[in-house]
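Notes follow once the structure below has been shown.
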Amino acid sequence: MARRIPRQAWALGLFLLILLLIPLAITNRYWMNLLITTFMFVSLGQAWNWVGGYAGQISFGHAAFFGLGAYTSTLLLTKFGVNPWLGMLAAGVVAIAVAFLIGWPVFRLQGHYFAIATIALGEILRIGFDNWEWAGGASGIELPIMESSFLHFQFFSKVPYYFIALALALITYGITWWMTNSKVGYYLRAIREDQDAARALGVNPTKYKYIALMLSAMITAFVGTFYAQYILFIDPASTMALDLSILISLVAVLGGAGSFLGPLLGAFLLIPINELTRSFLGGGGRAYNLIIYGALIMAIAIWQPGGLWELLERWRKRRRGRKQEVTHEAA
Amino acid sequence: MKLLETRGLTKRFGGLLANNNVDFYVDKGEMVGLIGPNGAGKTTFFNVLTGFYKPDGGQVLFKGQSVGGKSPEWLCARGLTRTFQVVKTLKGMSVLENVMVGAFVHARNASEARRKSEEILRFGGLYEKKDMQAGGLTIADKKRLEMLRALATEPDLLLLDEAMAGLNPSEVQEAVALVRRIHQEGVTIILVEHVMEVVMPLSQRVVVLAGGEKIAEGPPDVIAHDPVVIQAYLGEKYARRRQALGEL
Amino acid sequence: MTDLMQVLASGVLMGLVYALISLGLTLIWGVVEIVNFAHGDFLMLAMYLAFTIYAAFHLDPLISLPLVVIALAIFGVIIHKFVIRPVLKAPMLAQIFVTFGLMIFLRGMAQFIWGPDYKAIPDPLVSGSVQIGGVYLSLPQMVAGVGSVLGAAIIAWIVYRTELGRGLRAVAEDREAASLMGISPEKMYIATWALGAGSLGIAGALLVNFFYVFPEVGGVFGLLAFVTVALGGFGSVAGAFIAGIIIGLVQMSAGFFIDPAIKDIPVYLIYLLVVVLRPQGLLGEF
């Protein structure tokens with residue numbers, strides 16, 4: 001036990017070092033874009049995981065927070081000239097406020113009722129923005145091109161975006177680490193396993209679901225602002241649609257819902273698959289990605305509900321078990 | 001000193017009167033048995049005491065304070081908790097983590113909660129299984145875990161809902177021994193049981209509910225020979241027999 | 001005034017179709033204890049099937065209806081065997097995701113096979129409309145309304161008046177007790193999927209006469225079915241009809257008096273209000 005922790009620390013340090021050095025090695029814009037998108041989904045997937053994985057409240061409406069994040073900073077910038085970094089903070093505040101408002105009704109619901117309610121809320125928001133002409137309506141908003149600088153949150157090169165996306169992912173993982181090593185993480189899991197038992201043990205379910213949802217909404221909105229500043233174009237279809245909510249939840253579930261590393265694994269597997277199928281198979285509106293997502297989700301649900309993380313764990317345990325057998329025989 | 005007291009407690013479900021005007025108390029340090037035939041309203045009474053149901057009438061006093069309608073988590077933080085008739089194990093968490101959830105009520109951080117929980121698992125004889133998934137335990141171990149988990153919240157009053165139901169005789173002996181040891185640690189206990197034989201030797205005082213009302217109260221040996229109590233139980237057996245005959 | 005009558009008439013006719021669609025959902029939910037997120041996409045398949053038969057053999061959907069029903073019933077049973085049965089004892093997460101995955105998969109396949117654009121039957125057998133007191137009633141919609149009532153009546157008859165229906169209700173009530181009485185839950189599940197998916201065959205063949213079909217068409221209808229079940233009360237046939245009609249009316253009124261683009265928003269709001277304030281629905285039991 002004592003020997004394992006430093007080894008994990010080494011692995012973590014090495015991983016971070018590689019991530020910091022990658023922009024030196026990779027200059028290709030296509031690959032940089034792939035990595036930036038992947039980091040975005042590491043954050044999104046993990047933020048979803050707090051609510052859907054740890055607390056077990058399955059949301060299919062997380063795109064709403066993403067879209068609110070993108071729209072808050074963008075509208076503040078285009079209509080009122082507010083700096084996007086301040087816009088990002090405002091986006092977080094808006095998302096937390098919305099999470100607070102919807103928490104009251106939806107936390108009374110469980111299971112399917114909760115999931116459907118999140119779909120309904122997400123769709124209400126999307127349809128609303130589609131028809132809100134002041135906010136660009138269905139045709140969306142183009143962000144004004146500004147000078148490439150940190151202050152303006154706009155860069156000609158992809159490298160600064162890379163580091164910002166990485167920083168967001170690290171912040172998200174920092175929060176996750178804090179959560180899993182504190183009362184909050186234990187309480188969320190207890191709520192998922194059995195709400196009545198949790199209450200008898202002194203857990204206030206509504207309070208802790210709120211903590212998870214508000215943090216999740218905030219991070220998701222931050223990533224939404226980042227996306228707007230990165231792509232420089234937003235519309236309801238790309239920032240608020242059900243498809244995005246699905247992709248966010250899928251990242252977490254594929255990797256392993258309710259696990260620490262799950263969303264990371266999920267994002268690094270799913271986002272490249274997603275981008276590659278889009279660039280190689282895509283076109284012609286043939287929807288290969290939908291077919292692949294759908295089949296993948298069914299396969300996970302049927303054969304591997306614990307996701308990739310559980311698969312790795314099982315494999316590691318079996319290997320360790322075999323090692324022990326060998327040493328036993330040798331002795 | 002009365003730790004918990006109810007005065008005229010009443011609970012209705014639509015037209016059904018589940019608890020009618022029940023006066024009940026438990027003194028600090030006591031172990032009280034609450035018995036009664038099926039449908040006597042024991043579980044409802046329990047759910048009201050522990051905050052899962054709101055009372056429709058009467059008062060619940062805990063440590064002298066009126067607590068009727070307070071939430072289970074509020075009560076737990078102030079020293080009143082329970083176990084469940086149908087075990088509610090946190091299946092996807094380890095045995096240790098189950099206990100840690102309880103310990104977090106007072107522990108300031110995870111390492112303190114872990115230390116305390118390991119101590120409790122040693123006390124309750126589940127330490128060797130601390131890293132197992134709780135869902136994989138036997139029923140007897142699950143019931144034991146549930147008691148230990150409740151103990152981790154440092155209760156002054158622990159309500160055990162049929163802690164022995166579904167166990168074989170030797171498991172019942174072990175469970176009884178654990179309940180005694182928890183009581184010796186200074187925890188006041190209310191035991192709800194359907195089977196009289198389990199409660200009698202453990203309890204210092206027995207309260208009998210039937211048809212939602214308190215019909216008798218006293219030392220176990222007196223209650224066991226109380227004609228009113230015997231009739232309540234016999235009536236049930238008689239009714240069951242009649243039902244069985246009717247089925248045939 | 002005529003506007004109002006017009007809205008009322010269209011709302012009621014659509015509401016009858018929603019009622020039929022929601023019956024299949026509530027049946028599967030009740031007996032198999034699975035909430036089928038892909039319910040609307042089964043309907044989409046039925047619509048495409050009727051459309052394809054029309055395109056290939058020039059058979060009108062009203063004539064190919066029995067074929068579509070049988071095909072959907074078979075499809076339902078296949079889905080049960082290969083997709084649903086493996087997760088019957090799995091955790092909630094797996095159960096929610098499996099039909100959710102199925103939903104996405106079916107939409108992807110539909111787009112792959114039929115393309116993303118809207119398709120419609122150019123000259124259905126029944127077309128046009130009749131005018132009654134200034135109100136235009138579309139004939140295909142009237143056929144769909146009447147057909148939905150008949151379809152629902154058949155299902156209600158099977159569930160409440162036949163031996164099979166007794167078995168279904170027994171399993172819905174208590175799985176273990178039913179199997180102790182010699183009713184095989186698995187057989188009942190199969191029957192339920194056949195009935196539930198088959199009823200969508202009826203609805204699909206009726207709808208495609210006047211409604212465009214496209215890969216995402218199931219999304220709207222699926223959600224409407226959930227809302228109908230939630231509003232009408234779980235497992236209540238009368239509730240499904242009342243709720244279906246209310247929803248049809250709300251949708252049509254919002255579309256007519258406010259803006260067609262937002263006609264679904266009030267429907268979602270109804271869902272949220274109902275599940276939060278009256279979780280048992282209008283006519284629900286518990």
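Residues in the structure tokens are named by chain (A, B, ... in the order shown) and by number from 1 within that chain; ligands are numbered from 1 in the order shown.
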
Taking 3 positions as the minimum chain separation for residues in the same chain, which residues sit within 7 Å of region 36-50 of chain A when counting only C-alpha atoms? Answer as a ChimeraX atom specification.
/A:32-33,53-55,162,165-166,168-169,172,212,216,219-220,223,248-249,251-252,257-258,263-264,267-268,271

Distance table requested - chain A against chain B, cut-off 10 Å, only C-alpha atoms: one row per qualifying residue with the closest atom pair and its distance in Å to one decimal, ordered by chain and rising residue number, as CSV.
```
residue,atom,partner,partner_atom,distance
A:Thr180,CA,B:Ala110,CA,9.4
A:Asn181,CA,B:Ala110,CA,6.3
A:Ser182,CA,B:Ala110,CA,5.6
A:Lys183,CA,B:Phe104,CA,6.3
A:Val184,CA,B:Phe104,CA,9.6
A:Gly185,CA,B:Val101,CA,9.7
A:Tyr186,CA,B:Val101,CA,6.1
A:Tyr187,CA,B:Val101,CA,6.5
A:Leu188,CA,B:Val101,CA,9.9
A:Arg189,CA,B:Met93,CA,7.8
A:Ala190,CA,B:Leu90,CA,6.3
A:Ile191,CA,B:Leu90,CA,8.8
A:Arg192,CA,B:Leu90,CA,8.5
A:Glu193,CA,B:Leu90,CA,5.1
A:Asp194,CA,B:Leu90,CA,6.2
A:Gln195,CA,B:Lys88,CA,9.2
A:Asp196,CA,B:Lys88,CA,7.9
A:Ala197,CA,B:Lys88,CA,5.8
A:Ala198,CA,B:Val101,CA,7.8
A:Arg199,CA,B:Glu73,CA,5.0
A:Ala200,CA,B:Pro72,CA,5.5
A:Leu201,CA,B:Gly102,CA,5.0
A:Gly202,CA,B:Glu73,CA,3.9
A:Val203,CA,B:Glu73,CA,5.5
A:Asn204,CA,B:Glu73,CA,5.8
A:Pro205,CA,B:Glu73,CA,8.9
```

Could I get the residues of chain C with an atom no further than 6 Å from an atom of chain A, each paired with its nearest atom pair and that distance in Å to one decimal, using only C-alpha atoms, sorted by chain and residue number, as CSV?
```
residue,atom,partner,partner_atom,distance
C:Val87,CA,A:Ile302,CA,5.9
C:Ala94,CA,A:Ala301,CA,4.5
C:Val98,CA,A:Met298,CA,4.7
C:Gly101,CA,A:Gly294,CA,4.2
C:Leu102,CA,A:Gly294,CA,5.8
C:Ile104,CA,A:Gly294,CA,4.8
C:Phe105,CA,A:Gly294,CA,4.1
C:Gly108,CA,A:Leu290,CA,4.7
C:Gln111,CA,A:Arg286,CA,6.0
C:Phe112,CA,A:Arg286,CA,4.6
C:Ile265,CA,A:Ile124,CA,5.5
C:Tyr268,CA,A:Ala120,CA,5.4
C:Val276,CA,A:Pro105,CA,6.0
```

Can you write out the residues you just picked, keeping N, CA and C atoms, as a short mmCIF file (atom, residue, chain, number, x, y, z; two decimals), in the first residue's frame?
```cif
data_model
loop_
_atom_site.label_atom_id
_atom_site.label_comp_id
_atom_site.auth_asym_id
_atom_site.auth_seq_id
_atom_site.Cartn_x
_atom_site.Cartn_y
_atom_site.Cartn_z
N VAL C 87 -31.01 -6.40 -19.63
CA VAL C 87 -30.88 -5.38 -18.58
C VAL C 87 -32.03 -5.39 -17.58
N ALA C 94 -28.24 1.46 -16.32
CA ALA C 94 -28.19 0.62 -17.51
C ALA C 94 -29.55 0.59 -18.20
N VAL C 98 -29.99 1.93 -21.99
CA VAL C 98 -30.15 0.97 -23.07
C VAL C 98 -31.21 1.43 -24.07
N GLY C 101 -29.95 4.50 -25.88
CA GLY C 101 -29.05 4.12 -26.97
C GLY C 101 -29.83 3.62 -28.17
N LEU C 102 -30.86 2.84 -27.89
CA LEU C 102 -31.71 2.31 -28.97
C LEU C 102 -32.34 3.46 -29.75
N ILE C 104 -31.20 6.51 -30.17
CA ILE C 104 -30.22 7.17 -31.04
C ILE C 104 -29.88 6.27 -32.23
N PHE C 105 -29.74 4.98 -31.95
CA PHE C 105 -29.40 4.02 -32.99
C PHE C 105 -30.48 4.01 -34.08
N GLY C 108 -30.33 7.09 -36.15
CA GLY C 108 -29.18 7.02 -37.06
C GLY C 108 -29.47 6.11 -38.24
N GLN C 111 -31.87 7.68 -40.68
CA GLN C 111 -31.21 8.68 -41.51
C GLN C 111 -30.33 8.02 -42.56
N PHE C 112 -29.71 6.92 -42.17
CA PHE C 112 -28.84 6.17 -43.07
C PHE C 112 -29.64 5.58 -44.23
N ILE C 265 -43.52 23.91 -26.22
CA ILE C 265 -43.10 24.40 -24.89
C ILE C 265 -44.19 24.20 -23.83
N TYR C 268 -44.23 20.60 -22.63
CA TYR C 268 -43.16 20.26 -21.67
C TYR C 268 -43.47 20.86 -20.30
N VAL C 276 -44.34 17.22 -10.82
CA VAL C 276 -43.95 17.83 -9.56
C VAL C 276 -45.14 17.98 -8.61
#
```

Determine the nearest neighbour of chain B from the options C:Gly219, C:Pro91, C:Gly11, C:Pro124, counting only C-alpha atoms.
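Closest candidate: C:Pro91.
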
Need to verify the contact set: Val159 (chain C), 12 Å, only C-alpha atoms, exclusion of same-chain residues closer than 2 positions in sequence. Can you return it as a count of residues only?
31

Identify, on the basis of only C-alpha atoms, every residue whose closest approach to Phe75 (chain C) does not exceed 12 Å; exclude the query and any residue fewer than 4 positions from it along the same chain; express the result as an MDAnalysis selection string.
chainID C and resid 41:43 45:46 49 68:71 79:83 106 190 193:198 200:201

Can you work out the spacing between CA of Thr228 (chain C) and CA of Pro61 (chain C) in Å, to one decimal?
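Taking CA of Thr228 (chain C) and CA of Pro61 (chain C), their separation equals 25.5 Å.
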
Within 6 Å of Gly248 (chain C) using only C-alpha atoms, minus same-chain residues under 4 positions, as a PyMOL selection string
chain C and resi 11-12+14-15

Check the smallest atom-to-atom distance from each of B:Phe123, B:Gly14, B:Lys116, B:Ala40 to chain C using only C-alpha atoms, then report the winner.
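Going through B:Phe123, B:Gly14, B:Lys116, B:Ala40 one by one, the smallest distance to chain C is for B:Gly14.
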